[in-house]
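Undergrad: Here it is: the structure, laid out below.
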Amino acid sequence: MGDFCPFALATFFYAASSTIANVLPSDLFKSESVASVSGMSGTGAGIGTIIAFLLIGHFSDARQTAVGHSFDLIVIVAGFVPFFAMGLVLLLVRNTQATEEGLVRRI
C-alpha cells in the first residue's frame, strides 16, 4: 500500500502530460501547420525513446552490482519526467513575437 501513492502520482502526471503534448500542436499552430508539427514531434519522440532505452540499459547494467534492484532509480526518474514536462509546458508556452505576427495562435 505504501508504494501506491508515488505510483499513482507518476501515472497521473504521465497521463496529464501526454494529453497536453498530443493536443499542443492543434492548440498553438494554424490548421495548415498542425500535421507538420505533429510529425516533427513524433520524430522527436521516437529519437527520445531510442536514447531513453539506451540510457536505461546502461544505468540498469551499471547498478546490477549495487545492493537492491537495478531499476529503482530508473522508475523514480521516470516518475518525475512527466511532472517536469508539464512544468516546462506551463512555463514556456507564452504569447511571443510569433503570436503578434500571426504565425501561431494567441493563447
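Following the order of the C-alpha cells, first chain is A, next is B, and so on, with residues numbered from 1 inside each chain and ligands from 1 in the order they appear.
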Any idea what's packed within 12 Å of Ala15 in chain A, counting only C-alpha atoms, ignoring anything in its chain fewer than 6 positions away? Could you give it as a ChimeraX atom specification?
TA: /A:8-9,21-22,79,81-83,85-86
Undergrad: Extract the full set of alpha helix (DSSP H) residues from chain A according to DSSP on the backbone, and format it as a ChimeraX atom specification.
TA: /A:4-28,34-62,72-92,97-100
Undergrad: Just the number, please: distance in Å from CA of Phe7 in chain A to CA of Ile47 in chain A, one decimal.
TA: 25.8 Å
Undergrad: Go ahead and compute the interatomic distance for CA of Ser38 in chain A and CA of Pro25 in chain A, in Å to one decimal.
TA: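 These atoms are spaced 6.3 Å apart.
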Undergrad: So the first atom is CA of Ala10 in chain A and the second is CA of Ser41 in chain A; what is the distance between them in Å, to one decimal place?
TA: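 Those two atoms sit 22.3 Å apart.
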Undergrad: Could you check which of A:Phe53, A:Phe29, A:Phe59, A:Phe80 is closest to Arg106 in chain A, using only C-alpha atoms?
TA: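 Residue with the minimum atom-to-atom distance to Arg106 in chain A: A:Phe29.
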Undergrad: For each of A:Gly39, A:Ala78, A:Leu90, A:Arg105, take the minimum atom-to-atom distance to Leu55 in chain A, counting only C-alpha atoms, then give the residue where this is smallest.
TA: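 Looking at the shortest contact to Leu55 in chain A, the residue is A:Ala78.
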